[in-house]
Every structure is written in C-alpha cells, then in structure tokens.
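Q: What follows is input06.cif, made up of mmCIF, C-alpha atoms:
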```cif
data_coords
loop_
_atom_site.label_atom_id
_atom_site.label_comp_id
_atom_site.auth_asym_id
_atom_site.auth_seq_id
_atom_site.Cartn_x
_atom_site.Cartn_y
_atom_site.Cartn_z
CA GLY A 9 0.00 0.00 0.00
CA GLN A 10 0.94 3.63 -0.23
CA GLN A 11 3.51 4.83 2.28
CA VAL A 12 4.60 8.37 2.98
CA MET A 13 7.81 8.95 4.86
CA GLN A 14 9.06 12.24 6.21
CA ILE A 15 12.56 13.23 7.19
CA PRO A 16 13.90 14.34 9.50
CA GLN A 17 11.76 13.25 12.41
CA TYR A 18 13.07 16.07 14.58
CA GLN A 19 14.90 19.29 13.80
CA HIS A 20 16.29 21.80 16.25
CA VAL A 21 17.45 25.08 14.71
CA GLN A 22 18.63 28.39 15.98
CA GLU A 23 16.15 31.17 15.45
CA GLY A 24 16.90 32.75 12.10
CA GLU A 25 18.25 29.57 10.52
CA ASP A 26 16.51 27.83 7.66
CA PHE A 27 14.57 24.58 7.97
CA THR A 28 13.56 21.94 5.45
CA THR A 29 11.42 18.84 5.75
CA TYR A 30 11.07 16.22 3.05
CA CYS A 31 8.19 13.97 2.21
CA ASN A 32 8.64 10.84 0.08
CA SER A 33 5.93 8.58 -1.25
CA SER A 34 6.26 5.03 -2.50
CA THR A 35 3.75 5.79 -5.26
CA THR A 36 2.90 8.70 -7.53
CA LEU A 37 0.57 11.19 -5.90
CA SER A 38 -2.16 13.13 -7.66
CA ASN A 39 -1.67 15.87 -5.10
CA ILE A 40 -0.03 16.46 -1.76
CA GLN A 41 -1.06 18.59 1.17
CA TRP A 42 0.88 20.05 4.07
CA TYR A 43 -0.45 20.59 7.58
CA LYS A 44 1.03 22.24 10.66
CA GLN A 45 0.29 21.24 14.22
CA ARG A 46 1.35 23.65 16.93
CA PRO A 47 2.27 22.15 20.32
CA GLY A 48 -0.95 21.29 22.11
CA GLY A 49 -2.98 22.12 19.02
CA HIS A 50 -4.59 20.40 16.09
CA PRO A 51 -3.35 20.05 12.52
CA VAL A 52 -4.13 23.02 10.31
CA PHE A 53 -4.07 22.92 6.52
CA LEU A 54 -1.27 24.95 4.96
CA ILE A 55 -1.27 24.25 1.25
CA GLN A 56 -2.01 21.79 -1.55
CA LEU A 57 0.27 21.05 -4.50
CA VAL A 58 -1.09 19.42 -7.63
CA LYS A 59 1.19 19.93 -10.62
CA SER A 60 4.49 18.22 -11.30
CA GLY A 61 7.35 20.52 -10.28
CA GLU A 62 4.96 23.00 -8.70
CA VAL A 63 6.40 25.56 -6.30
CA LYS A 64 4.26 27.69 -4.02
CA LYS A 65 5.26 30.29 -1.49
CA GLN A 66 3.59 31.58 1.62
CA LYS A 67 5.73 34.38 3.06
CA ARG A 68 8.81 32.56 4.43
CA LEU A 69 7.47 29.10 3.53
CA THR A 70 8.27 27.49 0.18
CA PHE A 71 6.54 24.28 -0.87
CA GLN A 72 7.69 22.12 -3.75
CA PHE A 73 6.22 19.10 -5.51
CA GLY A 74 8.70 16.83 -7.25
CA GLU A 75 8.76 16.31 -11.00
CA ALA A 76 7.77 12.67 -10.57
CA LYS A 77 5.07 13.65 -8.07
CA LYS A 78 6.49 11.21 -5.52
CA ASN A 79 8.16 13.68 -3.21
CA SER A 80 7.65 17.10 -1.76
CA SER A 81 9.47 19.54 0.46
CA LEU A 82 8.69 22.42 2.77
CA HIS A 83 11.40 25.00 3.32
CA ILE A 84 11.19 27.76 5.91
CA THR A 85 13.54 30.70 5.55
CA ALA A 86 14.80 32.50 8.65
CA THR A 87 12.79 30.56 11.21
CA GLN A 88 10.90 32.37 13.93
CA THR A 89 9.51 31.10 17.22
CA THR A 90 6.06 31.06 15.66
CA ASP A 91 7.24 28.30 13.30
CA VAL A 92 7.49 25.80 16.17
CA GLY A 93 5.35 22.74 15.65
CA THR A 94 5.07 19.52 13.71
CA TYR A 95 4.72 19.60 9.96
CA PHE A 96 2.86 16.78 8.23
CA CYS A 97 2.43 15.95 4.58
CA ALA A 98 -0.55 13.96 3.36
CA GLY A 99 -1.39 12.25 0.12
CA PRO A 100 -4.71 12.64 -1.68
CA GLU A 101 -6.28 9.80 0.24
CA LYS A 102 -6.23 11.12 3.78
CA TYR A 103 -5.65 7.67 5.18
CA ILE A 104 -1.95 8.25 5.11
CA PHE A 105 -0.23 11.14 6.78
CA GLY A 106 3.51 11.45 6.76
CA THR A 107 5.31 10.67 9.99
CA GLY A 108 5.79 14.38 10.64
CA THR A 109 8.79 16.57 11.33
CA ARG A 110 8.90 18.31 14.68
CA LEU A 111 10.58 21.69 14.53
CA LYS A 112 11.99 23.26 17.68
CA ILE A 113 13.52 26.70 17.73
CA LEU A 114 16.47 27.53 19.96
CA ALA A 115 16.16 31.21 20.81
CA ASP B 3 -12.63 27.86 16.09
CA SER B 4 -12.18 25.54 13.10
CA GLY B 5 -15.89 24.75 12.79
CA VAL B 6 -15.36 21.10 13.74
CA THR B 7 -16.59 20.42 17.26
CA GLN B 8 -15.36 17.55 19.35
CA THR B 9 -16.62 16.53 22.76
CA PRO B 10 -15.49 15.84 25.37
CA LYS B 11 -12.18 17.73 25.33
CA HIS B 12 -10.75 15.57 28.10
CA LEU B 13 -11.79 12.19 29.41
CA ILE B 14 -10.27 10.09 32.15
CA THR B 15 -11.48 6.56 32.62
CA ALA B 16 -10.38 3.14 33.81
CA THR B 17 -9.25 0.08 31.96
CA GLY B 18 -12.08 -2.08 30.73
CA GLN B 19 -14.48 0.81 30.40
CA ARG B 20 -16.24 2.12 27.31
CA VAL B 21 -16.33 5.71 26.07
CA THR B 22 -17.94 7.59 23.21
CA LEU B 23 -16.31 10.52 21.46
CA ARG B 24 -18.48 12.88 19.48
CA CYS B 25 -17.73 14.99 16.44
CA SER B 26 -19.80 17.57 14.62
CA PRO B 27 -18.31 18.37 11.23
CA ARG B 28 -17.98 21.81 9.74
CA SER B 29 -21.20 23.05 8.19
CA GLY B 30 -21.50 21.72 4.64
CA ASP B 31 -18.86 19.00 5.05
CA LEU B 32 -20.11 15.50 4.29
CA SER B 33 -17.01 13.48 5.08
CA VAL B 34 -15.70 12.73 8.56
CA TYR B 35 -12.36 11.17 9.44
CA TRP B 36 -11.11 9.87 12.78
CA TYR B 37 -7.44 9.80 13.73
CA GLN B 38 -5.53 8.64 16.79
CA GLN B 39 -2.41 10.47 17.91
CA SER B 40 -0.44 8.90 20.73
CA LEU B 41 2.00 11.03 22.70
CA ASP B 42 4.44 12.73 20.35
CA GLN B 43 3.46 10.40 17.53
CA GLY B 44 1.99 10.87 14.09
CA LEU B 45 -1.61 10.71 12.97
CA GLN B 46 -2.95 7.19 12.67
CA PHE B 47 -6.01 6.98 10.45
CA LEU B 48 -8.86 5.04 11.99
CA ILE B 49 -11.93 5.38 9.80
CA GLN B 50 -13.73 7.62 7.32
CA TYR B 51 -17.43 8.21 6.73
CA TYR B 52 -19.07 10.01 3.84
CA ASN B 53 -22.68 11.08 4.09
CA GLY B 54 -23.49 8.33 6.56
CA GLU B 55 -21.63 5.52 4.81
CA GLU B 56 -18.31 4.01 5.84
CA ARG B 57 -15.79 4.76 3.06
CA ALA B 58 -12.43 3.66 4.36
CA LYS B 59 -11.03 1.86 7.33
CA GLY B 60 -7.53 2.03 8.73
CA ASN B 61 -5.92 -0.07 11.42
CA ILE B 62 -8.89 0.38 13.69
CA LEU B 63 -9.09 -2.13 16.51
CA GLU B 64 -12.11 -4.42 16.74
CA ARG B 65 -12.80 -2.86 20.15
CA PHE B 66 -13.38 0.45 18.36
CA SER B 67 -16.38 1.31 16.23
CA ALA B 68 -17.82 4.41 14.69
CA GLN B 69 -20.83 5.70 12.85
CA GLN B 70 -22.06 8.81 11.12
CA PHE B 71 -25.62 9.84 11.74
CA PRO B 72 -28.16 11.42 9.34
CA ASP B 73 -27.35 14.87 10.71
CA LEU B 74 -23.71 14.07 9.76
CA HIS B 75 -22.31 14.10 13.25
CA SER B 76 -20.13 11.13 14.06
CA GLU B 77 -19.34 9.10 17.12
CA LEU B 78 -16.30 6.96 17.87
CA ASN B 79 -16.92 4.23 20.40
CA LEU B 80 -13.97 2.76 22.27
CA SER B 81 -14.62 -0.30 24.44
CA SER B 82 -12.67 -2.61 26.74
CA LEU B 83 -10.21 0.20 27.11
CA GLU B 84 -6.55 -0.53 27.67
CA LEU B 85 -3.75 1.69 28.93
CA GLY B 86 -2.39 1.87 25.40
CA ASP B 87 -5.57 3.50 24.15
CA SER B 88 -4.60 6.69 25.95
CA ALA B 89 -4.18 9.21 23.17
CA LEU B 90 -5.51 12.29 21.47
CA TYR B 91 -8.36 11.46 19.12
CA PHE B 92 -8.95 13.90 16.29
CA CYS B 93 -11.94 14.23 14.08
CA ALA B 94 -11.59 16.00 10.76
CA SER B 95 -14.12 16.87 8.10
CA SER B 96 -14.01 17.72 4.42
CA VAL B 97 -16.44 18.79 1.76
CA ASP B 98 -16.42 15.72 -0.43
CA LEU B 99 -14.43 12.79 -1.68
CA SER B 100 -12.81 14.23 -4.77
CA SER B 101 -9.10 14.50 -4.20
CA GLY B 102 -8.86 18.07 -5.33
CA ALA B 103 -11.33 19.31 -2.74
CA ASN B 104 -10.37 17.01 0.07
CA VAL B 105 -8.86 19.55 2.44
CA LEU B 106 -9.27 18.46 6.03
CA THR B 107 -10.47 20.72 8.82
CA PHE B 108 -9.56 19.26 12.19
CA GLY B 109 -11.32 19.59 15.50
CA ALA B 110 -9.46 20.42 18.69
CA GLY B 111 -9.36 16.75 19.67
CA SER B 112 -10.49 14.63 22.58
CA ARG B 113 -7.76 13.63 24.99
CA LEU B 114 -8.42 10.20 26.46
CA THR B 115 -6.53 9.00 29.51
CA VAL B 116 -6.99 5.40 30.58
CA LEU B 117 -5.84 4.63 34.12
#
```
Could you render the structure as structure tokens?
A:
Amino acid sequence: GQQVMQIPQYQHVQEGEDFTTYCNSSTTLSNIQWYKQRPGGHPVFLIQLVKSGEVKKQKRLTFQFGEAKKNSSLHITATQTTDVGTYFCAGPEKYIFGTGTRLKILA
Amino acid sequence: DSGVTQTPKHLITATGQRVTLRCSPRSGDLSVYWYQQSLDQGLQFLIQYYNGEERAKGNILERFSAQQFPDLHSELNLSSLELGDSALYFCASSVDLSSGANVLTFGAGSRLTVL
C-alpha cells in the first residue's frame, strides 16, 4: 500500500536559521497537502500542491512538488519562534499522513 | 474555532471501560475522518465516513467502532479500554471525496486518559 515517509523526524534550529522537511511517497501522488500542528494544538491545513514541479510560497514558507510527483518539500527561511510545531504531509487519500517533522527553535 | 466540534475535550477513565467521542463536522462538510495520535506520535487513520456511509477503514481495533448519523455528526466508540488506548483522538471533516477538494479541517481533539 501507499507509504509516505518524512525526514527528518526532529529538527532543532537556531532562530533565524533555515529549515527543510522532506516527504517521500512510494507511489505517484495526484496531489499532496501540508499541515502544521502547533504544540498542544490540532493540525491546520497549509497548502495543496497538484502539478508536477509546482512551487508555491507563503511568506517565508516554500513548498515544492517533485517532478515525478512522488516527493515534496517544505522550506522555511529564517525561522521564527512562531514556526514551532510539527509539519505533516498527506497524500490525496487522507488515510496516510507522513510521519511528521517536529521543529523546535532555539532562541 | 475551526468549525469542527469535538466533545469531550478531556476524558479520564479506567481500563475495561467504554467511552464515546463525538464529532460535529464543519457546516457543509459531508465526510468525517477519525485519527488517533499517541503522545508525540503521528496521525494514525482510523476510519472515514461520507454522508453516513463508511468509506475507508484504517488499522482500527475491533474494540473500536464508529458511525455517522443522518445529521452528519459522528461518534467513535472505544470499548474494553486498555492503557495503550490513551491518546488524542482527532476528528476531521471535508467537503467531499474528490481529491482536489479534500482539504481536512480538524477539530481540537479529545484527549483520552486510561488509568
């Protein structure tokens, strides 16, 4: 069955450093979504990517969908304390969420 | 407020007991998903309902069951509870099944503690 792996599992960065999380699927995805869960909170939808090679930006966040539509990445430029949380990717069938990457910021 | 309402927010019970978690989806959403999140773990998909019908099932234990009612609210029933069932249970809703529109809106979760 479809599997979605995320790396790294944890990432500690100094405030102001960049951060990247990667999502890899065992199968081709028709689309991919990213969610953010703040500590003690619930997952919140960030963005959906559909096209091969698509790149979308939200302020300091850059999302990319691979050419083969089997991988995706989320890059945060100049992290801030508000970026703390766990970032999940999810394939089109919401049965499978990525394992998540927990971002901690060292002030 | 995401529009998805989950009750209760917190629940403490003993092993062997049975509990029911309730979810009201966002207005207009027909699909409801249930997820389990153990401490510092990922989201484990349990089950999905669409307009009252079961659509997909994950690794949901036989001790667990769910249903979606005609008014579209859903209930997750957990029975013969074990210590390992302690977790955060999320409900999420979406508009419909088509992949392009299947953005999930999550509720705040129900935290279950089994003692």
Q: In terms of the shortest atom-to-atom distance over all atoms listed in the file, which of A:Pro100, A:Pro51, A:Pro16, A:Gly24 is closest to B:Ala94?
A: A:Pro51
Q: Under the rule that all atoms listed in the file are counted, which of B:Gly54, B:Gly109, B:Pro10, B:Gly44 is the nearest residue to A:Ile104?
A: B:Gly44
Q: Specify as an MDAnalysis selection string each residue included when the PyMOL selection byres ((chain A) within 6 of (chain B)) is applied to this file.
A: chainID A and resid 50 100 103 107
Q: Please determine, counting all atoms listed in the file, which residue among A:Lys112, A:Phe71, A:His20, A:Glu62 has the shortest atom-to-atom distance to A:Pro47.
A: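 Closest candidate: A:Lys112.
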Q: Write out as a PyMOL selection string each polymer residue whose atoms come within 8 Å of stretch 89-98 of chain A, counting only C-alpha atoms; drop sequence neighbours fewer than 3 positions from it.
A: chain A and resi 12+14+23+29+31+40-47+101-102+104-113+115
Q: Taking (-13.1, 1.5, 33.2) in the file's own coordinates, collect the residues within 9 Å, counting all atoms listed in the file, and hand them back as a ChimeraX atom specification.
A: /B:15-21,82-84,116-117
Q: I'd like the interatomic distance between atom CA of B:Asp3 and atom CA of A:Val58, to a tenth of an Å.
A: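 Between atom CA of B:Asp3 and atom CA of A:Val58 the gap is 27.7 Å.
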Q: If the PyMOL selection byres ((chain B and resi 69) around 9) were run on this exact file, what residues would it hold? Put them as a ChimeraX atom specification.
A: /B:51,54-56,67-68,70-71,75-79
Q: Report the centre and edge lengths, in Å to one decimal, of an axis-aligned box enclosing every atom of stretch 58-75 of chain A listed in the file, padded by 5 Å on each side, as AutoDock Vina command-line options.
A:
```
--center_x 3.9 --center_y 25.3 --center_z -3.4 --size_x 19.9 --size_y 28.1 --size_z 25.7
```
Q: Starting from the displayed file, determine the output of the PyMOL selection byres ((chain B and resi 13) around 6) and express the residue list as a ChimeraX atom specification.
A: /B:12,14,114
Q: Taking (6.6, 16.1, -9.6) in the file's coordinates, which residues come within 10 Å, counting only C-alpha atoms, written as a PyMOL selection string?
A: chain A and resi 36-39+57-62+72-80
Q: Can you write out the residues you just picked, keeping C-alpha atoms, as a short mmCIF file (atom, residue, chain, number, x, y, z; two decimals), keeping the file's coordinate frame?
A:
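After the write, selection.cif holds the following:
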```
data_model
loop_
_atom_site.label_atom_id
_atom_site.label_comp_id
_atom_site.auth_asym_id
_atom_site.auth_seq_id
_atom_site.Cartn_x
_atom_site.Cartn_y
_atom_site.Cartn_z
CA THR A 36 2.90 8.70 -7.53
CA LEU A 37 0.57 11.19 -5.90
CA SER A 38 -2.16 13.13 -7.66
CA ASN A 39 -1.67 15.87 -5.10
CA LEU A 57 0.27 21.05 -4.50
CA VAL A 58 -1.09 19.42 -7.63
CA LYS A 59 1.19 19.93 -10.62
CA SER A 60 4.49 18.22 -11.30
CA GLY A 61 7.35 20.52 -10.28
CA GLU A 62 4.96 23.00 -8.70
CA GLN A 72 7.69 22.12 -3.75
CA PHE A 73 6.22 19.10 -5.51
CA GLY A 74 8.70 16.83 -7.25
CA GLU A 75 8.76 16.31 -11.00
CA ALA A 76 7.77 12.67 -10.57
CA LYS A 77 5.07 13.65 -8.07
CA LYS A 78 6.49 11.21 -5.52
CA ASN A 79 8.16 13.68 -3.21
CA SER A 80 7.65 17.10 -1.76
#
```
Q: Tell me which of B:Tyr52, B:Ser96, B:Ser88, B:Arg57 sits closest to B:Gln38, counting all atoms listed in the file.
A: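 With all atoms listed in the file as the atom set, the closest residue is B:Ser88.
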Q: Report the distance between atom CA of B:Glu64 and atom CA of B:Asp87 in Å, rounded to one decimal place.
A: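 Answer for the atom CA of B:Glu64 to atom CA of B:Asp87 separation: 12.7 Å.
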Q: Rounded to one decimal, what separation in Å do you get between atom CA of B:Leu63 and atom CA of A:Gln11?
A: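 Value for the atom CA of B:Leu63-atom CA of A:Gln11 distance: 20.2 Å.
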Q: Have a look at A:Gly48, A:Met13, A:His83, A:Phe53 and name the one nearest to A:Thr28; count all atoms listed in the file.
A: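 Distance minimum relative to A:Thr28 lands on A:His83.
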Q: Would you mind telling me which residue in B:Ala89, B:Leu74, B:Leu41, B:Val34 lies nearest to B:Lys11 when using only C-alpha atoms?
A: B:Ala89
